[in-house]
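Enquirer: Contents of structure-v2.txt (compact mmCIF, C-alpha atoms and all ligand atoms) are given next:
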# COMPACT_ATOMS: atom_id res chain seq x y z
CA MET I 23 21.84 -9.74 -18.02
CA ILE I 24 24.43 -7.00 -18.00
CA PHE I 25 21.65 -4.46 -18.25
CA SER I 26 19.75 -5.86 -15.30
CA MET I 27 22.87 -6.01 -13.16
CA ARG I 28 23.65 -2.47 -14.13
CA SER I 29 20.24 -1.20 -13.13
CA ALA I 30 20.53 -2.94 -9.77
CA VAL I 31 23.81 -1.14 -9.13
CA LEU I 32 22.30 2.19 -10.14
CA ALA I 33 19.32 1.59 -7.91
CA TRP I 34 21.56 0.98 -4.90
CA ALA I 35 23.50 4.09 -5.79
CA PHE I 36 20.18 5.96 -5.76
CA ALA I 37 19.30 4.57 -2.37
CA THR I 38 22.47 5.93 -0.79
CA ALA I 39 21.30 5.72 2.81
CA VAL I 40 20.84 1.99 2.40
CA CYS I 41 24.40 1.59 1.25
CA GLY I 42 27.24 3.68 2.60
CA ALA I 43 25.89 6.84 4.17
CA ASP I 44 27.14 9.22 6.81
CA LEU I 45 24.20 11.33 7.82
CA ARG I 46 25.21 14.30 9.93
CA ALA I 47 25.00 18.06 9.70
CA VAL I 48 28.29 18.89 7.97
CA ASP I 49 29.33 20.33 4.57
CA GLY I 50 26.28 22.55 4.22
CA LEU I 51 23.84 19.79 5.09
CA ARG I 52 21.32 20.38 7.85
CA TRP I 53 18.63 18.42 9.66
CA TYR I 54 15.19 19.84 8.89
CA LYS I 55 12.25 18.84 11.09
CA GLY I 56 8.91 18.47 9.40
CA ASN I 57 5.43 17.03 9.53
CA THR I 58 3.89 15.88 6.26
CA HIS I 59 0.46 15.00 7.60
CA ALA I 60 -2.00 17.43 9.22
CA HIS I 61 -5.64 18.39 8.70
CA THR I 62 -7.50 21.68 8.83
CA LEU I 63 -11.00 23.06 8.20
CA TRP I 64 -10.35 22.35 4.50
CA SER I 65 -11.41 18.79 5.43
CA ASP I 66 -11.94 17.27 8.88
CA GLY I 67 -9.50 19.21 11.09
CA ASP I 68 -11.02 21.49 13.72
CA ALA I 69 -8.88 24.61 13.09
CA ALA I 70 -8.29 27.13 10.32
CA PRO I 71 -5.11 26.42 8.30
CA GLU I 72 -3.29 29.50 9.65
CA VAL I 73 -3.83 28.29 13.23
CA VAL I 74 -2.21 24.96 12.33
CA ALA I 75 0.72 26.47 10.40
CA ASP I 76 1.31 28.94 13.24
CA TRP I 77 1.54 26.09 15.79
CA TYR I 78 4.21 24.23 13.78
CA LYS I 79 6.27 27.31 13.03
CA GLU I 80 6.18 28.36 16.70
CA HIS I 81 7.18 24.85 17.83
CA GLY I 82 10.47 24.71 15.95
CA TYR I 83 9.44 22.79 12.83
CA HIS I 84 11.08 23.73 9.53
CA PHE I 85 8.44 22.44 7.16
CA LEU I 86 4.79 21.52 7.18
CA CYS I 87 2.32 19.87 4.83
CA LEU I 88 -1.36 20.56 5.31
CA SER I 89 -2.70 17.33 3.83
CA ASP I 90 -6.46 17.59 3.78
CA HIS I 91 -8.56 14.76 2.35
CA ASN I 92 -9.16 14.90 -1.40
CA VAL I 93 -8.79 18.65 -1.77
CA TYR I 94 -6.21 21.15 -2.94
CA LEU I 95 -6.02 24.24 -0.74
CA GLY I 96 -6.93 26.59 -3.59
CA GLY I 97 -9.90 28.61 -4.78
CA GLU I 98 -12.61 30.09 -2.65
CA ARG I 99 -13.88 28.11 0.32
CA TRP I 100 -16.18 29.57 2.97
CA VAL I 101 -16.97 27.81 6.23
CA PRO I 102 -19.71 28.61 8.74
CA VAL I 103 -18.95 30.47 11.95
CA ALA I 104 -21.29 29.50 14.79
CA ALA I 105 -21.24 28.36 18.38
CA ASP I 106 -22.05 24.78 17.34
CA GLN I 107 -19.41 24.64 14.57
CA TYR I 108 -15.66 23.97 14.78
CA LEU I 109 -15.19 27.63 13.89
CA THR I 110 -16.82 29.46 16.77
CA PRO I 111 -17.03 33.28 17.03
CA ASP I 112 -14.41 33.10 19.82
CA ARG I 113 -11.98 31.20 17.60
CA VAL I 114 -12.44 33.78 14.83
CA LYS I 115 -11.72 36.49 17.40
CA ALA I 116 -8.53 34.69 18.42
CA ILE I 117 -7.43 34.52 14.75
CA GLN I 118 -8.06 38.26 14.39
CA GLN I 119 -6.03 38.96 17.53
CA ARG I 120 -3.13 36.84 16.31
CA PHE I 121 -3.06 37.87 12.62
CA GLY I 122 -4.80 41.27 12.62
CA GLU I 123 -8.37 42.39 11.85
CA GLY I 124 -7.68 42.67 8.12
CA TRP I 125 -6.44 39.09 7.83
CA VAL I 126 -9.88 37.53 8.20
CA SER I 127 -12.53 37.66 5.42
CA LEU I 128 -16.02 37.37 6.83
CA ASP I 129 -19.37 37.26 5.07
CA GLN I 130 -22.55 37.97 6.98
CA LYS I 131 -25.88 37.17 5.33
CA GLY I 132 -28.80 37.61 7.72
CA ASP I 133 -27.84 35.73 10.83
CA ARG I 134 -25.45 33.42 8.94
CA LEU I 135 -21.76 34.23 9.26
CA LYS I 136 -18.99 32.63 7.19
CA MET I 137 -15.20 32.89 7.05
CA ARG I 138 -13.09 32.33 3.95
CA LEU I 139 -10.30 29.75 4.33
CA LYS I 140 -6.78 30.84 3.42
CA THR I 141 -5.35 29.11 0.36
CA PHE I 142 -2.00 27.34 0.17
CA GLU I 143 -0.55 30.33 -1.71
CA GLU I 144 -1.77 32.76 0.95
CA LEU I 145 -0.36 30.60 3.74
CA GLN I 146 2.95 30.28 1.90
CA ALA I 147 3.16 34.07 1.46
CA HIS I 148 2.57 34.61 5.16
CA PHE I 149 4.56 31.81 6.81
CA ASP I 150 7.47 30.96 4.49
CA GLU I 151 10.82 32.29 5.66
CA PRO I 152 13.91 31.29 3.65
CA GLY I 153 15.96 28.69 5.54
CA LYS I 154 13.62 28.83 8.52
CA PHE I 155 10.14 27.66 7.61
CA LEU I 156 8.53 26.22 4.51
CA MET I 157 4.97 25.30 3.65
CA VAL I 158 4.87 22.34 1.24
CA SER I 159 1.60 21.59 -0.55
CA ALA I 160 -0.03 18.20 0.02
CA GLU I 161 -3.20 16.16 -0.27
CA GLU I 162 -4.26 13.02 1.55
CA VAL I 163 -5.50 11.07 -1.46
CA THR I 164 -8.26 9.13 0.24
CA SER I 165 -10.09 6.07 -1.10
CA LYS I 166 -12.01 4.44 1.77
CA VAL I 167 -9.30 2.96 4.04
CA VAL I 168 -6.46 3.47 1.56
CA HIS I 169 -4.93 6.86 2.33
CA VAL I 170 -1.82 8.04 0.49
CA ASN I 171 -0.26 11.45 1.05
CA ALA I 172 0.97 13.31 -2.01
CA VAL I 173 3.66 15.82 -1.01
CA ASN I 174 4.42 18.83 -3.25
CA ASN I 175 1.42 18.48 -5.55
CA ARG I 176 0.28 21.33 -7.79
CA GLY I 177 -3.44 20.74 -7.67
CA PHE I 178 -6.15 18.24 -6.84
CA ILE I 179 -5.27 14.58 -7.40
CA LYS I 180 -8.33 12.44 -7.95
CA PRO I 181 -8.42 9.39 -5.64
CA ALA I 182 -8.97 5.92 -7.06
CA GLN I 183 -12.54 4.77 -6.91
CA ALA I 184 -13.21 2.30 -4.12
CA PHE I 185 -16.32 0.23 -4.58
CA GLY I 186 -17.63 -3.22 -3.73
CA ASN I 187 -14.89 -5.80 -3.44
CA LYS I 188 -12.26 -3.91 -5.39
CA PRO I 189 -8.98 -5.19 -3.91
CA LEU I 190 -7.22 -2.70 -1.66
CA ARG I 191 -3.89 -3.34 -3.37
CA LEU I 192 -5.41 -2.23 -6.67
CA ILE I 193 -6.73 0.95 -5.05
CA LEU I 194 -3.31 1.52 -3.49
CA ALA I 195 -1.55 1.00 -6.83
CA GLU I 196 -3.95 3.38 -8.62
CA ASN I 197 -3.42 6.10 -6.02
CA PHE I 198 0.35 5.75 -6.33
CA ASP I 199 0.18 5.86 -10.09
CA ALA I 200 -2.06 8.95 -9.99
CA ILE I 201 0.36 10.76 -7.67
CA GLU I 202 3.38 9.84 -9.77
CA ALA I 203 1.61 10.87 -12.99
CA HIS I 204 0.65 14.20 -11.40
CA GLY I 205 4.30 14.90 -10.56
CA LYS I 206 5.38 14.08 -14.12
CA GLU I 207 2.62 16.14 -15.73
CA ASN I 208 3.52 19.14 -13.63
CA GLY I 209 7.27 18.65 -13.85
CA VAL I 210 7.71 18.67 -10.07
CA PRO I 211 9.34 16.27 -7.63
CA ILE I 212 6.56 14.54 -5.71
CA LEU I 213 6.61 12.11 -2.82
CA ALA I 214 3.88 9.63 -1.95
CA HIS I 215 3.57 7.95 1.43
CA LEU I 216 1.10 5.34 2.54
CA ASN I 217 -0.62 6.31 5.76
CA HIS I 218 -1.59 4.41 8.93
CA PRO I 219 -1.69 0.83 7.56
CA ASN I 220 -3.47 -0.38 10.73
CA TRP I 221 -6.27 2.18 10.76
CA ASP I 222 -9.77 0.73 10.40
CA GLN I 223 -9.83 -2.29 8.09
CA GLY I 224 -6.25 -1.48 7.18
CA VAL I 225 -3.81 -2.41 4.46
CA THR I 226 -1.73 -5.59 4.75
CA ALA I 227 2.01 -6.10 4.37
CA GLU I 228 1.28 -8.18 1.27
CA ASP I 229 -0.73 -5.29 -0.23
CA ILE I 230 2.25 -2.97 0.28
CA VAL I 231 4.74 -5.50 -1.10
CA SER I 232 2.64 -5.78 -4.24
CA VAL I 233 2.84 -2.07 -5.08
CA GLY I 234 6.29 -1.71 -6.55
CA GLY I 235 6.53 2.06 -6.55
CA GLU I 236 5.56 2.33 -2.90
CA ARG I 237 8.68 3.58 -1.13
CA PHE I 238 7.35 5.32 2.00
CA PHE I 239 4.93 4.36 4.72
CA GLU I 240 4.05 5.63 8.19
CA ILE I 241 5.96 3.61 10.79
CA TYR I 242 4.52 6.08 13.30
CA ASN I 243 1.32 8.12 13.02
CA GLY I 244 0.11 10.24 15.96
CA HIS I 245 -3.63 9.79 15.32
CA ALA I 246 -5.42 8.15 18.25
CA GLY I 247 -7.03 5.39 16.17
CA VAL I 248 -4.15 4.00 14.11
CA ARG I 249 -2.85 1.08 16.25
CA ASN I 250 0.86 1.63 15.62
CA TRP I 251 1.66 -1.26 17.95
CA GLY I 252 -0.93 -3.61 16.43
CA ASP I 253 -4.16 -4.99 17.84
CA ARG I 254 -4.47 -8.68 18.70
CA SER I 255 -8.25 -8.59 18.75
CA GLN I 256 -8.18 -7.57 15.09
CA HIS I 257 -5.16 -9.68 14.07
CA LYS I 258 -3.21 -6.52 13.34
CA GLN I 259 0.56 -6.74 13.71
CA SER I 260 2.62 -3.71 14.67
CA THR I 261 3.85 -1.30 12.01
CA ASP I 262 7.40 -2.36 12.97
CA ARG I 263 6.48 -5.96 12.17
CA LEU I 264 4.82 -4.97 8.88
CA TRP I 265 7.94 -3.02 7.93
CA ASP I 266 10.18 -6.05 8.52
CA ILE I 267 7.91 -8.39 6.58
CA ILE I 268 7.83 -5.98 3.63
CA LEU I 269 11.60 -5.34 3.73
CA ALA I 270 12.43 -9.04 3.96
CA ILE I 271 10.18 -10.04 1.06
CA ARG I 272 11.09 -7.10 -1.16
CA LEU I 273 14.83 -7.06 -0.58
CA SER I 274 15.16 -10.82 -0.99
CA THR I 275 13.68 -10.59 -4.48
CA SER I 276 14.94 -7.20 -5.65
CA ALA I 277 17.60 -5.14 -3.95
CA ASP I 278 16.30 -1.84 -5.28
CA ARG I 279 12.97 -1.76 -3.52
CA PRO I 280 13.55 -0.53 0.01
CA LEU I 281 10.66 0.84 2.03
CA TYR I 282 11.29 3.90 4.19
CA GLY I 283 9.54 4.76 7.46
CA MET I 284 7.87 8.11 8.11
CA GLY I 285 6.79 9.70 11.38
CA THR I 286 3.79 12.04 11.19
CA ASP I 287 1.11 13.65 13.35
CA ASP I 288 -2.07 13.23 11.30
CA SER I 289 -3.40 15.92 13.62
CA HIS I 290 -7.07 16.94 13.57
CA ASP I 291 -7.67 18.40 17.03
CA TYR I 292 -6.00 21.72 17.82
CA TYR I 293 -7.96 23.16 20.73
CA GLU I 294 -7.66 20.41 23.33
CA GLN I 295 -4.68 18.14 24.04
CA ARG I 296 -5.03 14.68 25.57
CA ILE I 297 -4.77 10.96 24.87
CA GLY I 298 -7.66 9.96 22.63
CA LEU I 299 -7.46 13.11 20.52
CA CYS I 300 -5.39 13.61 17.36
CA ASN I 301 -2.91 16.29 18.40
CA SER I 302 0.17 17.94 16.94
CA GLY I 303 3.72 17.25 18.09
CA ARG I 304 3.69 13.47 18.31
CA GLY I 305 5.49 12.27 15.17
CA TRP I 306 7.78 13.86 12.63
CA VAL I 307 10.70 13.33 10.26
CA GLN I 308 14.17 14.85 10.43
CA VAL I 309 15.54 15.21 6.90
CA LEU I 310 19.21 15.81 6.15
CA ALA I 311 19.08 18.15 3.15
CA LYS I 312 21.20 20.79 1.46
CA ASP I 313 18.54 23.45 1.76
CA LEU I 314 14.97 24.02 2.85
CA SER I 315 13.15 23.60 -0.46
CA PRO I 316 10.62 20.98 -1.60
CA GLY I 317 13.11 19.68 -4.20
CA ALA I 318 15.99 19.25 -1.72
CA LEU I 319 13.77 17.69 0.96
CA ILE I 320 12.18 15.21 -1.44
CA ALA I 321 15.52 14.28 -3.04
CA ALA I 322 16.98 13.63 0.42
CA MET I 323 14.04 11.51 1.46
CA GLN I 324 14.10 9.51 -1.76
CA SER I 325 17.72 8.71 -0.93
CA GLY I 326 16.76 7.61 2.58
CA GLN I 327 18.50 10.58 4.21
CA PHE I 328 16.04 10.99 7.04
CA TYR I 329 14.67 9.31 10.12
CA ALA I 330 11.31 9.12 11.85
CA SER I 331 10.83 10.25 15.43
CA SER I 332 8.27 10.46 18.19
CA GLY I 333 10.64 12.29 20.51
CA VAL I 334 14.23 11.01 20.20
CA THR I 335 16.74 13.18 18.32
CA LEU I 336 19.61 11.55 16.42
CA GLU I 337 22.78 13.41 15.54
CA ARG I 338 24.45 10.98 13.19
CA ILE I 339 23.56 7.79 11.31
CA ALA I 340 26.61 6.23 9.66
CA ASP I 341 26.93 3.07 7.65
CA ASP I 342 30.25 2.09 6.07
CA GLY I 343 29.29 -1.37 4.91
CA LYS I 344 30.93 -2.95 7.95
CA SER I 345 28.82 -1.40 10.69
CA LEU I 346 25.80 0.78 11.36
CA SER I 347 26.33 3.47 13.96
CA VAL I 348 23.74 5.76 15.52
CA GLY I 349 24.65 8.87 17.52
CA ILE I 350 21.87 9.90 19.87
CA HIS I 351 21.25 13.37 21.27
CA GLY I 352 21.58 12.73 24.99
CA GLU I 353 19.31 14.12 27.67
CA ALA I 354 20.11 14.24 31.40
CA GLY I 355 18.49 11.39 33.31
CA VAL I 356 17.24 9.67 30.15
CA THR I 357 18.42 6.23 28.97
CA HIS I 358 18.16 5.15 25.34
CA THR I 359 18.09 1.52 24.25
CA THR I 360 18.93 0.89 20.62
CA HIS I 361 17.50 -2.23 19.00
CA PHE I 362 19.21 -3.25 15.77
CA ILE I 363 16.51 -5.13 13.92
CA GLY I 364 17.07 -7.07 10.71
CA THR I 365 16.53 -10.15 8.60
CA ARG I 366 19.26 -12.44 7.34
CA LYS I 367 19.62 -13.79 3.81
CA GLY I 368 18.08 -17.24 3.42
CA PHE I 369 15.46 -16.53 6.07
CA ASP I 370 12.43 -18.78 6.39
CA ALA I 371 9.95 -17.03 4.09
CA THR I 372 7.02 -19.32 4.66
CA ALA I 373 3.77 -17.66 5.65
CA ARG I 374 0.47 -18.98 6.86
CA PRO I 375 -2.89 -17.25 6.96
CA VAL I 376 -4.41 -16.09 10.24
CA LEU I 377 -7.24 -18.47 11.12
CA ASP I 378 -10.46 -17.67 12.95
CA PRO I 379 -11.69 -19.97 15.77
CA ALA I 380 -13.51 -22.10 13.18
CA GLY I 381 -10.24 -22.61 11.29
CA ASN I 382 -11.10 -20.37 8.34
CA PRO I 383 -8.60 -17.80 7.03
CA VAL I 384 -9.34 -14.26 8.23
CA PRO I 385 -9.50 -12.01 5.14
CA ASN I 386 -7.55 -8.77 4.70
CA VAL I 387 -4.99 -9.33 7.46
CA THR I 388 -1.23 -9.73 7.17
CA GLN I 389 -0.18 -13.40 7.23
CA VAL I 390 1.92 -14.96 9.99
CA TYR I 391 5.63 -15.19 9.12
CA SER I 392 8.58 -16.84 10.84
CA GLU I 393 10.55 -15.18 13.61
CA ASP I 394 13.52 -15.10 11.21
CA ILE I 395 11.96 -11.88 9.95
CA GLY I 396 12.70 -8.78 12.01
CA GLU I 397 15.05 -10.41 14.52
CA VAL I 398 16.55 -8.18 17.19
CA LEU I 399 20.18 -8.79 16.18
CA PHE I 400 21.73 -6.63 18.88
CA GLU I 401 20.62 -4.35 21.67
CA THR I 402 22.71 -1.73 23.45
CA LYS I 403 22.52 1.30 25.72
CA ASP I 404 25.79 2.68 24.33
CA ASN I 405 25.94 6.06 22.61
CA PRO I 406 26.83 5.95 19.80
CA ALA I 407 25.10 2.61 19.37
CA VAL I 408 27.12 0.47 16.96
CA TYR I 409 26.15 -2.74 15.21
CA ALA I 410 28.83 -4.72 13.36
CA PHE I 411 27.41 -6.43 10.28
CA THR I 412 28.12 -10.14 10.02
CA GLY I 413 27.63 -9.91 6.25
CA ASP I 414 24.58 -12.11 5.86
CA GLU I 415 21.97 -9.44 6.67
CA LEU I 416 19.49 -8.42 3.99
CA TYR I 417 19.05 -5.19 5.92
CA VAL I 418 19.43 -3.82 9.42
CA ARG I 419 17.58 -0.87 10.91
CA ALA I 420 17.89 0.83 14.29
CA LYS I 421 15.02 1.61 16.61
CA VAL I 422 16.09 3.86 19.48
CA VAL I 423 13.70 3.74 22.42
CA SER I 424 13.98 6.20 25.27
CA ASP I 425 12.81 5.44 28.82
CA LYS I 426 11.06 8.82 28.74
CA PRO I 427 7.29 8.66 28.17
CA GLN I 428 5.92 10.78 25.37
CA PRO I 429 4.17 13.78 26.98
CA ASN I 430 0.94 13.42 24.96
CA PRO I 431 1.08 10.03 23.25
CA HIS I 432 -1.10 8.45 20.57
CA ALA I 433 -1.70 5.61 23.06
CA GLU I 434 -1.18 5.19 26.81
CA GLY I 435 2.40 4.34 27.79
CA ASP I 436 4.22 5.26 24.55
CA LEU I 437 7.92 5.98 24.98
CA GLU I 438 9.83 8.48 22.87
CA THR I 439 11.39 6.64 19.93
CA ALA I 440 13.35 7.15 16.70
CA TRP I 441 13.55 4.86 13.68
CA THR I 442 16.41 4.92 11.15
CA GLN I 443 15.99 3.71 7.58
CA PRO I 444 17.28 0.24 6.66
CA ALA I 445 20.97 -0.23 5.86
CA ARG I 446 22.85 -3.27 4.59
CA PRO I 447 26.38 -4.67 4.60
CA TYR I 448 28.45 -4.45 1.42
ZN ZN P 1 -5.78 9.04 6.76
ZN ZN P 2 -4.90 12.11 7.73
In structure tokens, how does this file's structure come out?
Expert:
Amino acid sequence: MIFSMRSAVLAWAFATAVCGADLRAVDGLRWYKGNTHAHTLWSDGDAAPEVVADWYKEHGYHFLCLSDHNVYLGGERWVPVAADQYLTPDRVKAIQQRFGEGWVSLDQKGDRLKMRLKTFEELQAHFDEPGKFLMVSAEEVTSKVVHVNAVNNRGFIKPAQAFGNKPLRLILAENFDAIEAHGKENGVPILAHLNHPNWDQGVTAEDIVSVGGERFFEIYNGHAGVRNWGDRSQHKQSTDRLWDIILAIRLSTSADRPLYGMGTDDSHDYYEQRIGLCNSGRGWVQVLAKDLSPGALIAAMQSGQFYASSGVTLERIADDGKSLSVGIHGEAGVTHTTHFIGTRKGFDATARPVLDPAGNPVPNVTQVYSEDIGEVLFETKDNPAVYAFTGDELYVRAKVVSDKPQPNPHAEGDLETAWTQPARPY
């Protein structure tokens, strides 16, 4: 008994942002902006990796993960150059103009031309600048619809096999275990985040609850097909709703299992920008870390010292056990509304399956829970926005919504938003 109480205390101490944090850029700490989810010609992105890295570095990001599907950006990989390929002769010319003639390795055999893709190490050597920009290795470990990003891997991580009716939660658990084991084997800090739970068939809140080690998921993903706000026709609830269901169930049974929300781009399309394409610049994280290194960034994120954004910048997130306060970076002519969303202890935890018109349960969709979960406890336009805990909250999180539309949103009408990690009274 003493032991289990002790571990609960240690776990809360580990999750500092959930319990007594003051996140702001003082005492050597800085906010670092990063995207942990982007694709290149190494899998199904339409641009060479240097084109993608260049975009992020030029647009004020501090770190970037190129997270191609089921591949490590190492070894020799040649891709065709042709007018009907992603890599056209004109795009190769543009790369040569930007990086120099000698940068590009081409191989011409007969009328077939190929270009060698830069490896992670080559990209790192070119783009990394201490304190300014950092490439962090990654892989989108992909098993059918279950996609989990491994951040700071040291090689290829084999995805779990997905066949027949193998339950998605088992696939999810196997991918998490594989990523964690890879980090241990290589002696490196590694971070795993579950991607776009509402994409395609999707992953349910109950699936995520069941995977104990799962600490991070994408509250916001900039891909055009991910249904961040849900989809009634497919019985998909919003990622905000999934987050609250998972937090309520997990934190009511075990205080040391918070789930943190990530913002990412999941960009694939780099040569044309519009709604309907998967472009860069839509979602990111701001991490409060002591330096710009994979170890410091991952340690900060594992402690919840970050927030997700699709446009809103926060300056300070403070929680002293009595209140949760959010300082927002103001912008002339822009109004921010902060929604403090939470679930109280003793909430109604009953759930019922979604039924089809014939009255049969719809498989593989999140169940319907009571409105006790994810209540809007308080809403304000004040800056800083302050919520005073009443003491009976399991957790409270802030969602700051701007009245400014996102310039190139994942879906029509999206407003710039930021999401803090959950906090709780103590
Ligand atoms: Zn994916
Ligand atoms: Zn992806």
Enquirer: Could you give me the residues within 9 Å of ligand ZN 1 (chain P), counting only C-alpha atoms and all ligand atoms, as a ChimeraX atom specification?
Expert: /I:59,91,162-164,167-171,216-218,221,245,288
Enquirer: What does the file look like for those residues with C-alpha atoms, as an mmCIF file, keeping the file's coordinate frame?
Expert:
data_model
loop_
_atom_site.group_PDB
_atom_site.id
_atom_site.type_symbol
_atom_site.label_atom_id
_atom_site.label_comp_id
_atom_site.auth_asym_id
_atom_site.auth_seq_id
_atom_site.Cartn_x
_atom_site.Cartn_y
_atom_site.Cartn_z
ATOM 1 C CA HIS I 59 0.460 15.000 7.600
ATOM 2 C CA HIS I 91 -8.560 14.760 2.350
ATOM 3 C CA GLU I 162 -4.260 13.020 1.550
ATOM 4 C CA VAL I 163 -5.500 11.070 -1.460
ATOM 5 C CA THR I 164 -8.260 9.130 0.240
ATOM 6 C CA VAL I 167 -9.300 2.960 4.040
ATOM 7 C CA VAL I 168 -6.460 3.470 1.560
ATOM 8 C CA HIS I 169 -4.930 6.860 2.330
ATOM 9 C CA VAL I 170 -1.820 8.040 0.490
ATOM 10 C CA ASN I 171 -0.260 11.450 1.050
ATOM 11 C CA LEU I 216 1.100 5.340 2.540
ATOM 12 C CA ASN I 217 -0.620 6.310 5.760
ATOM 13 C CA HIS I 218 -1.590 4.410 8.930
ATOM 14 C CA TRP I 221 -6.270 2.180 10.760
ATOM 15 C CA HIS I 245 -3.630 9.790 15.320
ATOM 16 C CA ASP I 288 -2.070 13.230 11.300
#
Enquirer: Using only C-alpha atoms, pick whichever of I:Gln389, I:Thr439, I:Ser274, I:Thr365 has the shortest atom-to-atom distance to I:Thr412.
Expert: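 Smallest separation from I:Thr412 among the options: I:Thr365.
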Enquirer: With distances taken over all atoms listed in the file, which of I:Ala104, I:Glu228, I:Ile320, I:Lys115 is nearest to I:Val390?
Expert: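 Closest to I:Val390, using all atoms listed in the file: I:Glu228.
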Enquirer: Grab the atom CA of I:Arg279 to atom CA of I:Asp266 distance for me, in Å with one decimal place.
Expert: 13.1 Å
Enquirer: Calculated over all atoms listed in the file, which of the candidates I:Arg113, I:Arg191, I:Arg237, I:Lys154 has the smallest distance to I:Ala70?
Expert: I:Arg113
Enquirer: With distances taken over only C-alpha atoms, which of I:Gly234, I:Gly381, I:Gly209, I:Gly349 is nearest to I:Leu281?
Expert: I:Gly234
Enquirer: Hey, can I get the axis-aligned box for stretch 240-243 of chain I? All listed atoms, 3 Å padding on each side, centre and edge lengths in Å to one decimal, as AutoDock Vina command-line options.
Expert:
--center_x 3.6 --center_y 5.9 --center_z 10.7 --size_x 10.6 --size_y 10.5 --size_z 11.1
Enquirer: Figure out the distance between atom CA of I:Pro444 and atom CA of I:Trp306, please, to one decimal in Å.
Expert: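 Atom-to-atom, atom CA of I:Trp306 to atom CA of I:Pro444, that is 17.6 Å.
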Enquirer: Show which residues sit within 9 Å of I:Gly303, as an NGL selection string. Count all atoms listed in the file, and ignore same-chain residues fewer than 6 positions away.
Expert: :I and (57 or 78 or 81 or 244 or 286-287 or 289 or 332-333 or 430)
Enquirer: Kindly indicate which residue among I:Glu337, I:Glu161, I:Glu434, I:Asp106 lies nearest to ligand ZN 2 (chain P), using all atoms listed in the file for the distances.
Expert: I:Glu161
Enquirer: So which one's closest to ligand ZN 2 (chain P), I:Thr226, I:Asn301, I:Ser392, I:Thr360? Using all atoms listed in the file, please.
Expert: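 Smallest separation from ligand ZN 2 (chain P) among the options: I:Asn301.
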